[in-house]
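Below is model_28.csv, which holds CSV, C-alpha atoms and all ligand atoms.
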chain,number,residue,atom,x,y,z
A,1,MET,CA,-92.3,-32.5,7.1
A,2,LYS,CA,-91.0,-29.8,4.8
A,3,ASN,CA,-87.7,-30.4,2.8
A,4,THR,CA,-88.2,-34.1,2.5
A,5,VAL,CA,-85.8,-36.1,0.3
A,6,LEU,CA,-87.0,-39.5,-1.1
A,7,VAL,CA,-84.1,-42.0,-1.1
A,8,ILE,CA,-84.3,-45.1,-3.4
A,9,ASN,CA,-81.7,-47.9,-3.3
A,10,PRO,CA,-82.3,-50.9,-5.5
A,11,GLY,CA,-80.0,-53.8,-4.7
A,12,SER,CA,-79.7,-57.3,-6.2
A,13,THR,CA,-81.7,-58.9,-3.4
A,14,SER,CA,-83.6,-55.9,-1.9
A,15,THR,CA,-85.2,-52.5,-2.5
A,16,LYS,CA,-84.4,-50.0,0.2
A,17,VAL,CA,-86.5,-46.8,0.6
A,18,ALA,CA,-86.2,-43.9,3.0
A,19,CYS,CA,-87.3,-40.3,3.6
A,20,PHE,CA,-85.1,-37.8,5.4
A,21,ALA,CA,-85.8,-34.1,6.3
A,22,GLU,CA,-83.7,-31.6,8.2
A,23,HIS,CA,-81.0,-34.3,8.9
A,24,GLN,CA,-83.5,-36.6,10.4
A,25,LEU,CA,-84.7,-40.0,9.2
A,26,LEU,CA,-88.5,-39.9,8.9
A,27,ALA,CA,-89.1,-43.4,7.6
A,28,GLU,CA,-87.1,-46.3,6.2
A,29,GLU,CA,-87.9,-49.8,4.9
A,30,THR,CA,-85.8,-52.6,3.5
A,31,ILE,CA,-87.9,-54.9,1.3
A,32,ARG,CA,-86.0,-58.1,0.7
A,33,HIS,CA,-86.8,-60.0,-2.5
A,34,THR,CA,-87.0,-63.8,-2.6
A,35,THR,CA,-84.9,-65.8,-5.1
A,36,GLN,CA,-88.1,-66.8,-6.8
A,37,GLU,CA,-89.4,-63.2,-7.1
A,38,ILE,CA,-86.2,-62.0,-8.8
A,39,SER,CA,-85.9,-65.0,-11.0
A,40,SER,CA,-89.4,-64.4,-12.4
A,41,PHE,CA,-88.1,-61.3,-14.3
A,42,LYS,CA,-86.2,-61.7,-17.5
A,43,SER,CA,-84.2,-58.5,-17.2
A,44,ILE,CA,-83.4,-55.8,-14.6
A,45,PHE,CA,-85.7,-53.3,-16.4
A,46,ASP,CA,-88.6,-55.7,-16.3
A,47,GLN,CA,-88.4,-55.1,-12.5
A,48,LEU,CA,-89.1,-51.4,-12.8
A,49,ASP,CA,-92.8,-51.4,-12.2
A,50,PHE,CA,-92.5,-54.0,-9.4
A,51,ARG,CA,-90.0,-51.9,-7.5
A,52,LYS,CA,-91.8,-48.6,-8.3
A,53,ASN,CA,-95.1,-50.0,-6.8
A,54,LEU,CA,-93.2,-50.9,-3.6
A,55,ILE,CA,-92.0,-47.3,-3.3
A,56,VAL,CA,-95.5,-45.9,-4.0
A,57,ASP,CA,-96.8,-48.2,-1.1
A,58,PHE,CA,-94.0,-46.9,1.1
A,59,ILE,CA,-94.9,-43.2,0.4
A,60,GLU,CA,-98.6,-43.9,1.0
A,61,LYS,CA,-98.0,-46.0,4.2
A,62,ASN,CA,-95.8,-43.3,5.7
A,63,HIS,CA,-98.1,-40.4,4.7
A,64,ILE,CA,-95.3,-38.6,2.8
A,65,LYS,CA,-96.9,-35.5,1.3
A,66,PRO,CA,-95.9,-34.7,-2.3
A,67,GLU,CA,-95.8,-31.0,-1.5
A,68,ASP,CA,-93.1,-31.6,1.2
A,69,LEU,CA,-90.7,-33.4,-1.2
A,70,ILE,CA,-87.8,-31.3,-2.5
A,71,ALA,CA,-85.7,-34.0,-4.3
A,72,ALA,CA,-85.4,-37.7,-5.1
A,73,VAL,CA,-82.1,-39.5,-5.0
A,74,GLY,CA,-81.3,-42.9,-6.3
A,75,ARG,CA,-78.3,-45.3,-6.0
A,76,GLY,CA,-76.2,-44.7,-9.1
A,77,GLY,CA,-75.7,-47.7,-11.4
A,78,LEU,CA,-73.4,-48.8,-14.2
A,79,LEU,CA,-72.3,-45.7,-15.9
A,80,LYS,CA,-69.0,-44.7,-17.5
A,81,PRO,CA,-66.2,-44.4,-15.0
A,82,ILE,CA,-66.6,-41.1,-13.2
A,83,PRO,CA,-65.2,-39.3,-10.1
A,84,GLY,CA,-67.3,-39.5,-6.9
A,85,GLY,CA,-69.9,-36.8,-6.1
A,86,THR,CA,-73.5,-35.9,-6.5
A,87,TYR,CA,-74.8,-35.9,-10.1
A,88,SER,CA,-78.0,-34.5,-11.6
A,89,VAL,CA,-79.9,-37.2,-13.4
A,90,ASP,CA,-80.0,-36.3,-17.1
A,91,ASP,CA,-81.1,-37.9,-20.4
A,92,GLU,CA,-77.6,-39.2,-21.3
A,93,MET,CA,-77.4,-40.9,-17.9
A,94,ILE,CA,-80.9,-42.5,-18.3
A,95,GLU,CA,-80.0,-43.6,-21.8
A,96,ASP,CA,-76.7,-45.3,-20.7
A,97,LEU,CA,-78.6,-47.1,-17.9
A,98,LYS,CA,-81.5,-48.2,-20.0
A,99,SER,CA,-79.3,-49.4,-22.9
A,100,GLU,CA,-77.1,-51.2,-20.4
A,101,LYS,CA,-74.1,-49.7,-22.3
A,102,TYR,CA,-71.9,-50.3,-19.2
A,103,SER,CA,-73.6,-53.6,-18.2
A,104,THR,CA,-76.5,-54.5,-16.0
A,105,HIS,CA,-77.3,-54.5,-12.3
A,106,ALA,CA,-80.3,-53.6,-10.1
A,107,SER,CA,-78.6,-50.2,-9.3
A,108,ASN,CA,-79.3,-49.2,-12.9
A,109,LEU,CA,-82.9,-48.7,-11.7
A,110,GLY,CA,-81.8,-46.1,-9.0
A,111,ALA,CA,-81.6,-43.1,-11.3
A,112,VAL,CA,-84.5,-44.2,-13.4
A,113,LEU,CA,-86.8,-44.6,-10.4
A,114,ALA,CA,-85.6,-41.3,-8.9
A,115,ASN,CA,-86.3,-39.6,-12.2
A,116,GLU,CA,-89.8,-41.1,-12.4
A,117,PHE,CA,-90.8,-39.8,-9.0
A,118,ALA,CA,-89.0,-36.5,-9.7
A,119,GLU,CA,-91.1,-36.0,-12.8
A,120,LEU,CA,-94.3,-37.0,-11.0
A,121,TYR,CA,-93.7,-34.4,-8.2
A,122,GLY,CA,-91.8,-31.7,-10.1
A,123,ILE,CA,-88.6,-32.0,-8.1
A,124,PRO,CA,-85.0,-32.6,-9.2
A,125,ALA,CA,-83.4,-36.1,-9.3
A,126,TYR,CA,-79.8,-37.0,-8.3
A,127,ILE,CA,-77.5,-39.9,-7.8
A,128,VAL,CA,-74.5,-40.0,-5.4
A,129,ASP,CA,-71.2,-41.9,-5.6
A,130,PRO,CA,-72.4,-44.5,-8.1
A,131,VAL,CA,-71.0,-48.1,-8.2
A,132,VAL,CA,-68.6,-47.0,-11.0
A,133,VAL,CA,-66.7,-44.4,-8.9
A,134,ASP,CA,-63.2,-44.7,-10.3
A,135,GLU,CA,-60.1,-43.7,-8.3
A,136,PHE,CA,-57.8,-46.5,-9.5
A,137,ASP,CA,-54.1,-46.4,-9.6
A,138,PRO,CA,-53.1,-46.9,-13.3
A,139,ILE,CA,-51.4,-50.2,-12.5
A,140,ALA,CA,-54.7,-51.6,-11.1
A,141,ARG,CA,-56.3,-51.3,-14.6
A,142,ILE,CA,-54.1,-53.9,-16.2
A,143,SER,CA,-56.0,-57.2,-16.7
A,144,GLY,CA,-53.4,-59.5,-18.2
A,145,LEU,CA,-54.9,-59.4,-21.8
A,146,GLU,CA,-54.4,-56.6,-24.3
A,147,GLY,CA,-57.8,-55.1,-25.1
A,148,ILE,CA,-59.4,-55.9,-21.7
A,149,GLU,CA,-59.1,-53.4,-18.9
A,150,ARG,CA,-60.1,-54.0,-15.2
A,151,ARG,CA,-62.6,-51.5,-14.1
A,152,SER,CA,-63.7,-50.1,-10.7
A,153,VAL,CA,-67.2,-51.5,-9.8
A,154,GLY,CA,-68.2,-51.8,-6.2
A,155,HIS,CA,-70.2,-50.5,-3.3
A,156,ALA,CA,-68.3,-47.2,-3.4
A,157,LEU,CA,-71.0,-45.3,-1.5
A,158,ASN,CA,-71.1,-47.7,1.5
A,159,GLN,CA,-67.4,-48.6,1.4
A,160,LYS,CA,-66.4,-44.9,1.9
A,161,ALA,CA,-69.2,-44.2,4.4
A,162,ALA,CA,-68.3,-47.3,6.5
A,163,GLY,CA,-64.6,-46.7,6.2
A,164,ARG,CA,-64.9,-43.1,7.3
A,165,LYS,CA,-67.1,-44.0,10.3
A,166,VAL,CA,-64.7,-46.7,11.6
A,167,LEU,CA,-61.7,-44.5,11.2
A,168,ALA,CA,-63.5,-41.5,12.8
A,169,ASP,CA,-64.7,-43.6,15.8
A,170,ASN,CA,-61.0,-44.6,16.3
A,171,GLY,CA,-59.6,-41.1,16.0
A,172,TYR,CA,-58.2,-41.5,12.5
A,173,ALA,CA,-59.0,-39.4,9.3
A,174,TYR,CA,-60.0,-41.2,6.1
A,175,GLU,CA,-57.8,-39.0,4.0
A,176,GLU,CA,-54.7,-40.0,6.1
A,177,SER,CA,-55.3,-43.7,6.6
A,178,ASN,CA,-55.2,-47.0,4.8
A,179,ILE,CA,-58.2,-49.3,5.1
A,180,ILE,CA,-59.7,-52.4,3.5
A,181,VAL,CA,-63.5,-52.4,3.3
A,182,ALA,CA,-65.3,-55.6,2.4
A,183,HIS,CA,-69.0,-55.0,1.5
A,184,LEU,CA,-70.8,-58.4,1.8
A,185,GLY,CA,-74.2,-58.1,0.1
A,186,GLY,CA,-75.9,-60.0,-2.7
A,187,GLY,CA,-72.7,-59.0,-4.5
A,188,ILE,CA,-69.4,-58.6,-2.8
A,189,SER,CA,-66.8,-55.9,-3.4
A,190,ILE,CA,-63.6,-55.4,-1.5
A,191,GLY,CA,-61.8,-52.0,-1.7
A,192,ALA,CA,-58.2,-51.0,-0.9
A,193,HIS,CA,-58.6,-47.3,0.3
A,194,GLN,CA,-55.3,-45.4,0.5
A,195,LYS,CA,-55.3,-41.9,2.0
A,196,GLY,CA,-58.9,-41.2,0.9
A,197,ARG,CA,-58.8,-42.9,-2.5
A,198,MET,CA,-60.1,-46.4,-3.4
A,199,ILE,CA,-57.0,-47.3,-5.5
A,200,ASP,CA,-58.1,-50.9,-6.3
A,201,VAL,CA,-61.3,-52.9,-5.7
A,202,VAL,CA,-62.1,-56.6,-6.1
A,203,ASN,CA,-64.9,-55.9,-8.6
A,204,GLY,CA,-68.2,-57.1,-7.3
A,205,LEU,CA,-69.9,-57.6,-10.6
A,206,ASP,CA,-67.6,-58.6,-13.5
A,207,GLY,CA,-66.4,-62.0,-12.2
A,208,GLU,CA,-63.5,-61.2,-9.8
A,209,GLY,CA,-62.8,-62.4,-6.3
A,210,PRO,CA,-65.0,-64.4,-4.0
A,211,TYR,CA,-68.3,-65.9,-4.9
A,212,SER,CA,-71.3,-64.2,-3.2
A,213,PRO,CA,-75.0,-65.0,-2.5
A,214,GLU,CA,-75.8,-64.5,-6.2
A,215,ARG,CA,-72.5,-64.2,-8.1
A,216,THR,CA,-69.7,-66.5,-9.2
A,217,GLY,CA,-66.7,-64.2,-8.5
A,218,GLY,CA,-63.6,-65.4,-10.4
A,219,LEU,CA,-63.9,-68.7,-12.3
A,220,PRO,CA,-61.4,-71.1,-14.0
A,221,LEU,CA,-61.5,-69.4,-17.4
A,222,ILE,CA,-61.1,-72.4,-19.7
A,223,GLU,CA,-63.9,-74.3,-17.9
A,224,PHE,CA,-66.2,-71.3,-18.2
A,225,ALA,CA,-65.4,-71.0,-21.9
A,226,ARG,CA,-66.4,-74.7,-22.2
A,227,VAL,CA,-69.7,-74.0,-20.4
A,228,ILE,CA,-70.5,-71.1,-22.7
A,229,GLN,CA,-69.8,-73.1,-25.8
A,230,SER,CA,-71.6,-76.3,-24.6
A,231,LYS,CA,-74.7,-74.4,-23.5
A,232,GLY,CA,-74.6,-72.0,-26.5
A,233,LEU,CA,-74.9,-68.9,-24.2
A,234,SER,CA,-75.2,-65.4,-25.4
A,235,ILE,CA,-73.2,-62.6,-23.7
A,236,ALA,CA,-76.4,-61.6,-21.8
A,237,GLU,CA,-76.9,-65.2,-20.6
A,238,ALA,CA,-73.3,-65.5,-19.6
A,239,LYS,CA,-73.6,-62.3,-17.6
A,240,ALA,CA,-76.7,-63.6,-15.9
A,241,LEU,CA,-74.8,-66.7,-14.9
A,242,ILE,CA,-71.9,-64.7,-13.4
A,243,ALA,CA,-74.1,-62.1,-11.7
A,244,GLY,CA,-77.6,-63.4,-10.7
A,245,ASN,CA,-77.4,-67.1,-10.9
A,246,GLY,CA,-74.0,-67.9,-9.6
A,247,GLY,CA,-72.4,-68.4,-6.2
A,248,ILE,CA,-74.5,-69.6,-3.2
A,249,LYS,CA,-77.6,-69.5,-5.4
A,250,SER,CA,-76.1,-72.0,-7.9
A,251,TYR,CA,-75.1,-74.4,-5.1
A,252,LEU,CA,-78.1,-74.1,-2.7
A,253,ASN,CA,-80.8,-72.4,-4.9
A,254,GLU,CA,-81.1,-69.7,-2.2
A,255,THR,CA,-79.7,-66.1,-1.8
A,256,ASP,CA,-81.2,-65.3,1.6
A,257,LEU,CA,-78.4,-66.0,4.1
A,258,ARG,CA,-80.8,-65.7,7.0
A,259,ILE,CA,-82.4,-68.9,5.8
A,260,ILE,CA,-79.0,-70.6,5.1
A,261,ASP,CA,-77.7,-69.5,8.6
A,262,LYS,CA,-80.6,-71.4,10.2
A,263,LYS,CA,-79.9,-74.5,8.1
A,264,ILE,CA,-76.3,-74.5,9.2
A,265,ALA,CA,-77.3,-74.1,12.8
A,266,ALA,CA,-79.6,-77.1,12.3
A,267,GLY,CA,-76.7,-79.2,11.0
A,268,ASP,CA,-77.0,-78.9,7.2
A,269,GLN,CA,-73.4,-79.9,6.1
A,270,LYS,CA,-73.9,-79.0,2.4
A,271,ALA,CA,-74.9,-75.4,3.4
A,272,GLN,CA,-72.0,-75.2,5.8
A,273,TYR,CA,-69.5,-76.4,3.1
A,274,TYR,CA,-70.5,-73.7,0.6
A,275,ILE,CA,-70.7,-70.9,3.1
A,276,ASP,CA,-67.3,-71.9,4.5
A,277,GLY,CA,-66.0,-71.8,0.9
A,278,MET,CA,-67.4,-68.2,0.4
A,279,CYS,CA,-65.8,-67.1,3.7
A,280,TYR,CA,-62.5,-68.7,2.6
A,281,GLN,CA,-62.5,-66.8,-0.7
A,282,ILE,CA,-63.6,-63.5,1.0
A,283,ALA,CA,-60.6,-63.8,3.4
A,284,LYS,CA,-58.3,-64.6,0.4
A,285,SER,CA,-59.4,-61.4,-1.4
A,286,ILE,CA,-59.0,-59.3,1.7
A,287,GLY,CA,-55.4,-60.6,1.8
A,288,GLU,CA,-55.0,-59.6,-1.8
A,289,MET,CA,-56.0,-56.0,-1.0
A,290,ALA,CA,-53.6,-56.0,2.0
A,291,THR,CA,-50.7,-56.6,-0.5
A,292,VAL,CA,-52.0,-53.6,-2.6
A,293,LEU,CA,-51.5,-51.5,0.5
A,294,ALA,CA,-48.1,-53.2,1.1
A,295,GLY,CA,-49.3,-54.5,4.4
A,296,ARG,CA,-49.8,-51.0,5.9
A,297,VAL,CA,-53.5,-51.4,6.9
A,298,ASP,CA,-55.0,-49.5,9.7
A,299,PHE,CA,-58.3,-51.4,9.8
A,300,ILE,CA,-60.3,-53.9,8.0
A,301,VAL,CA,-64.1,-53.3,7.9
A,302,LEU,CA,-66.7,-56.0,7.2
A,303,THR,CA,-70.1,-54.4,6.2
A,304,GLY,CA,-73.2,-55.2,4.1
A,305,GLY,CA,-76.2,-57.4,4.9
A,306,VAL,CA,-74.2,-60.6,5.1
A,307,SER,CA,-72.1,-59.2,8.0
A,308,TYR,CA,-75.2,-59.7,10.2
A,309,SER,CA,-74.3,-63.4,10.2
A,310,ALA,CA,-72.1,-64.1,13.3
A,311,TYR,CA,-71.1,-67.4,11.8
A,312,ILE,CA,-69.8,-65.8,8.6
A,313,VAL,CA,-68.0,-63.0,10.4
A,314,ASP,CA,-66.3,-65.4,12.7
A,315,GLN,CA,-65.1,-67.6,9.8
A,316,ILE,CA,-63.7,-64.6,7.9
A,317,LYS,CA,-62.1,-63.1,11.0
A,318,ALA,CA,-60.2,-66.2,11.8
A,319,ASN,CA,-58.2,-65.9,8.6
A,320,ILE,CA,-57.6,-62.1,8.5
A,321,GLU,CA,-57.2,-60.8,12.1
A,322,TRP,CA,-53.4,-61.1,11.7
A,323,ILE,CA,-53.5,-58.3,9.0
A,324,ALA,CA,-55.1,-55.5,11.0
A,325,PRO,CA,-57.9,-54.9,13.6
A,326,VAL,CA,-61.3,-56.0,12.2
A,327,GLU,CA,-64.4,-53.9,12.7
A,328,VAL,CA,-67.9,-55.1,11.7
A,329,LEU,CA,-70.6,-52.6,10.6
A,330,PRO,CA,-73.5,-54.9,9.5
A,331,GLY,CA,-76.0,-53.5,7.0
A,332,GLU,CA,-75.2,-50.3,5.1
A,333,MET,CA,-75.0,-46.6,5.5
A,334,GLU,CA,-76.1,-45.9,1.9
A,335,MET,CA,-79.4,-44.3,2.6
A,336,LYS,CA,-78.0,-41.6,4.8
A,337,ALA,CA,-75.0,-41.1,2.5
A,338,LEU,CA,-77.4,-40.6,-0.5
A,339,TYR,CA,-79.4,-38.1,1.5
A,340,GLU,CA,-76.2,-36.2,2.6
A,341,GLY,CA,-75.1,-36.0,-1.0
A,342,VAL,CA,-78.3,-34.1,-1.8
A,343,VAL,CA,-78.0,-31.9,1.3
A,344,ARG,CA,-74.4,-30.9,0.2
A,345,VAL,CA,-75.9,-29.6,-3.0
A,346,PHE,CA,-78.9,-27.8,-1.5
A,347,GLU,CA,-76.6,-26.2,1.1
A,348,ASN,CA,-74.3,-25.0,-1.7
A,349,ARG,CA,-71.4,-26.9,-0.2
A,350,GLU,CA,-70.9,-28.8,-3.5
A,351,PRO,CA,-72.1,-28.2,-7.0
A,352,ALA,CA,-74.3,-30.9,-8.6
A,353,ARG,CA,-72.1,-32.5,-11.2
A,354,ASN,CA,-72.9,-32.9,-14.8
A,355,TYR,CA,-72.8,-36.5,-16.1
A,356,LYS,CA,-72.2,-35.5,-19.7
A,357,GLU,CA,-69.0,-33.6,-18.8
A,358,ALA,CA,-67.7,-36.0,-16.2
A,359,ASN,CA,-64.6,-37.9,-17.0
A,360,ILE,CA,-61.8,-39.5,-15.0
A,361,LYS,CA,-58.2,-38.5,-15.8
A,362,LYS,CA,-56.5,-41.6,-17.1
A,363,VAL,CA,-52.7,-41.7,-17.2
A,364,GLU,CA,-51.4,-42.5,-20.6
A,365,VAL,CA,-48.6,-45.0,-20.4
A,366,GLY,CA,-45.7,-45.2,-22.9
B,401,LIG,N1,-79.7,-60.8,9.6
B,401,LIG,C1,-79.0,-61.3,8.6
B,401,LIG,N2,-78.3,-62.4,8.7
B,401,LIG,C2,-77.6,-63.0,7.7
B,401,LIG,N3,-77.7,-62.5,6.4
B,401,LIG,C3,-78.4,-61.4,6.2
B,401,LIG,C4,-79.1,-60.8,7.2
B,401,LIG,N4,-79.8,-59.7,6.7
B,401,LIG,C5,-79.5,-59.7,5.4
B,401,LIG,N5,-78.7,-60.7,5.1
B,401,LIG,C6,-78.2,-61.1,3.7
B,401,LIG,O1,-77.5,-60.0,3.1
B,401,LIG,C7,-77.6,-60.1,1.7
B,401,LIG,C8,-78.1,-58.8,1.2
B,401,LIG,O2,-77.2,-57.8,1.6
B,401,LIG,P1,-77.5,-56.2,1.4
B,401,LIG,O3,-76.2,-55.5,1.7
B,401,LIG,O4,-78.7,-55.8,2.1
B,401,LIG,O5,-77.8,-56.1,-0.1
B,401,LIG,P2,-78.1,-56.0,-1.6
B,401,LIG,O6,-78.0,-54.5,-1.8
B,401,LIG,O7,-77.1,-56.8,-2.2
B,401,LIG,O8,-79.5,-56.4,-1.8
B,401,LIG,C9,-78.6,-61.2,1.4
B,401,LIG,O9,-78.0,-62.4,1.1
B,401,LIG,C10,-79.3,-61.3,2.8
B,401,LIG,O10,-79.9,-62.6,3.0
B,402,LIG,C1,-72.6,-53.4,-8.9
B,402,LIG,C2,-71.8,-53.5,-7.6
B,402,LIG,C3,-72.7,-53.2,-6.4
B,402,LIG,C4,-73.5,-54.4,-6.0
B,402,LIG,O1,-73.1,-55.6,-6.2
B,402,LIG,O2,-74.6,-54.2,-5.3
B,402,LIG,P1,-75.6,-55.3,-4.6
B,402,LIG,O3,-74.8,-56.0,-3.5
B,402,LIG,O4,-76.7,-54.4,-4.0
B,402,LIG,O5,-76.1,-56.2,-5.6

Any chance you could give the structure as structure tokens?
Ligand SMILES: Nc1ncnc2c1ncn2[C@@H]1O[C@H](COP(=O)(O)OP(=O)(O)O)[C@@H](O)[C@H]1O
Ligand SMILES: CCCC(=O)OP(=O)(O)O
Amino acid sequence: MKNTVLVINPGSTSTKVACFAEHQLLAEETIRHTTQEISSFKSIFDQLDFRKNLIVDFIEKNHIKPEDLIAAVGRGGLLKPIPGGTYSVDDEMIEDLKSEKYSTHASNLGAVLANEFAELYGIPAYIVDPVVVDEFDPIARISGLEGIERRSVGHALNQKAAGRKVLADNGYAYEESNIIVAHLGGGISIGAHQKGRMIDVVNGLDGEGPYSPERTGGLPLIEFARVIQSKGLSIAEAKALIAGNGGIKSYLNETDLRIIDKKIAAGDQKAQYYIDGMCYQIAKSIGEMATVLAGRVDFIVLTGGVSYSAYIVDQIKANIEWIAPVEVLPGEMEMKALYEGVVRVFENREPARNYKEANIKKVEVG
């Protein structure tokens, strides 16, 4: 079909691909990667060809014609802190992602993969609302140590899309409401959204909040410093431990919660213990974001792949339902949100933003 947009979403445990045209989904696939598959690559960029070949297979299998493609859009990765919106992929963006200047995560491959297909087919490449969208209140940036600032890293694209949907379904406007959105995926991020801005987020990547299928979340710092020293870890190795080899993977050597769900149902007490621990920590962080909103919370939303697990959702709900009504949107709305970001540009409803010129306005204190 004419006017087709190729949508590419690399996550820590999956590669999601879709094609949309004329506001319709033409084809979509979620390819889940096993713990072993991901562990076999030394770095995120070593996964480039592996993920690219999966996308090529998707295009061929679904008979997508190159001449019908008008754009490629990728999930935006770890860039400098920027406002939300649709950005054209440019050399500076690619350089920041490839050099891992702002750290490393599978989403760094989104713009790079979109760019490779864009060059192949002679079409433009974009990213939309990357994981670094920054709408923080100044007070949220303080870490507790001079020289270190907290930063906004999370599933901004899905958090906003899921938040908007739940609010709209209940007759509320995102711009006028307060909502907590917990994205439960391979990584976990929990945002406090106040009247249309994500003013704080439990950062899903840098070692904050709950542990997740593949990440540690916050750790006792002194003990972690001892581990780094005793194992002689480099910064890259420490990062890989925090995001990649932590959390459920470190306890159960597995990141696929569908497998772990089955083990719990079959009576595996060790699996249940560590999943219960993750749910306990997720609820605790949701409580933390409720205090950011001073208790004025219209809804709490649980979303992301892990929210398909009824066992996990029930455990979390038991500890948070007193805060606000809880709505569950399993999976993600990222593919459609990426497509819609491109459509807004093609329909001239929004300009494509320029990454080089993009900056957030930080309030100078003192
Ligand atoms: N039906 C399901 N039941 C339980 N867990 C699921 C289900 N589907 C996916 N998951 C889990 O969700 C996580 C991936 O979440 P997702 O939001 O798709 O991810 P990512 O972008 O992090 O790859 C994995 O741990 C996966 O096993
Ligand atoms: C970098 C934050 C986003 C994130 O953790 O995504 P995944 O859950 O897809 O790994």

> Counting all atoms listed in the file, which protein, DNA or RNA residues come within 7 Å of ligand LIG 402 (chain B), given as a PyMOL selection string?
Replying inline: chain A and resi 10-13+77+105-107+131+153-155+185-189+204-205

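A cut-off of 12 Å from the point (-60.5, -40.8, -11.3), with all atoms listed in the file, picks out the residues Lys80, Pro81, Ile82, Pro83, Gly84, Gly85, Val132, Val133, Asp134, Glu135, Phe136, Asp137, Pro138, Arg141, Arg151, Ser152, Arg197, Met198, Ile199, Asp200, Ala358, Asn359, Ile360, Lys361, Lys362 and Val363 of chain A.
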
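Atom CA of A:Leu113 is positioned 10.5 Å from atom CA of A:Asn53.
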
>> I'd like the contact shell of A:Lys195 - 6 Å cut-off, only C-alpha atoms, skipping same-chain residues fewer than 3 positions apart - returned as number ranges by chain.
In response: A: 175-178

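Atom pair atom CA of A:Lys231 / atom CA of A:Gly144: separated by 26.5 Å.
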
Could you give me, as CSV, every chain A residue with an atom at most 8 Å from ligand LIG 401 (chain B), plus its closest atom pair and distance in Å to one decimal, counting only C-alpha atoms and all ligand atoms, rows ordered by chain then number?
residue,atom,partner,partner_atom,distance
A:Asn9,CA,B:LIG401,O6,7.7
A:Pro10,CA,B:LIG401,O6,6.7
A:Gly11,CA,B:LIG401,O6,3.6
A:Ser12,CA,B:LIG401,O8,4.5
A:Thr13,CA,B:LIG401,O8,3.7
A:Ser14,CA,B:LIG401,O8,4.1
A:Thr15,CA,B:LIG401,O8,6.9
A:Thr30,CA,B:LIG401,O4,7.9
A:Arg32,CA,B:LIG401,O8,7.2
A:His183,CA,B:LIG401,O3,7.2
A:Leu184,CA,B:LIG401,O3,6.1
A:Gly185,CA,B:LIG401,O2,3.4
A:Gly186,CA,B:LIG401,O7,3.5
A:Gly187,CA,B:LIG401,O7,5.4
A:Ile188,CA,B:LIG401,O7,7.9
A:Pro213,CA,B:LIG401,O9,5.4
A:Glu214,CA,B:LIG401,O9,7.9
A:Thr255,CA,B:LIG401,O9,5.0
A:Asp256,CA,B:LIG401,O10,3.3
A:Leu257,CA,B:LIG401,O10,3.9
A:Arg258,CA,B:LIG401,C2,4.2
A:Ile259,CA,B:LIG401,O10,7.3
A:Asp261,CA,B:LIG401,C2,6.6
A:Thr303,CA,B:LIG401,O3,7.7
A:Gly304,CA,B:LIG401,O3,3.9
A:Gly305,CA,B:LIG401,O1,3.4
A:Val306,CA,B:LIG401,O1,3.9
A:Ser307,CA,B:LIG401,C2,6.7
A:Tyr308,CA,B:LIG401,N2,4.4
A:Ser309,CA,B:LIG401,C2,4.2
A:Ala310,CA,B:LIG401,N2,7.9
A:Gly331,CA,B:LIG401,O3,5.7
A:Glu332,CA,B:LIG401,O3,6.3

>> as a VMD selection string, please: the residues near A:Glu321 (cut-off 12 Å, all atoms listed in the file, same-chain neighbours under 2 positions excluded).
In response: chain A and resid 283 286 to 287 290 297 to 302 313 to 319 323 to 327

> Which residues, written as an MDAnalysis selection string, have at least one atom at most 12 Å from A:Ala240, with all atoms listed in the file counted and residues fewer than 4 positions away on the same chain left out?
Replying inline: chainID A and resid 12 38:39 41:44 103:105 205:207 214:216 228 233:236 244:247 250
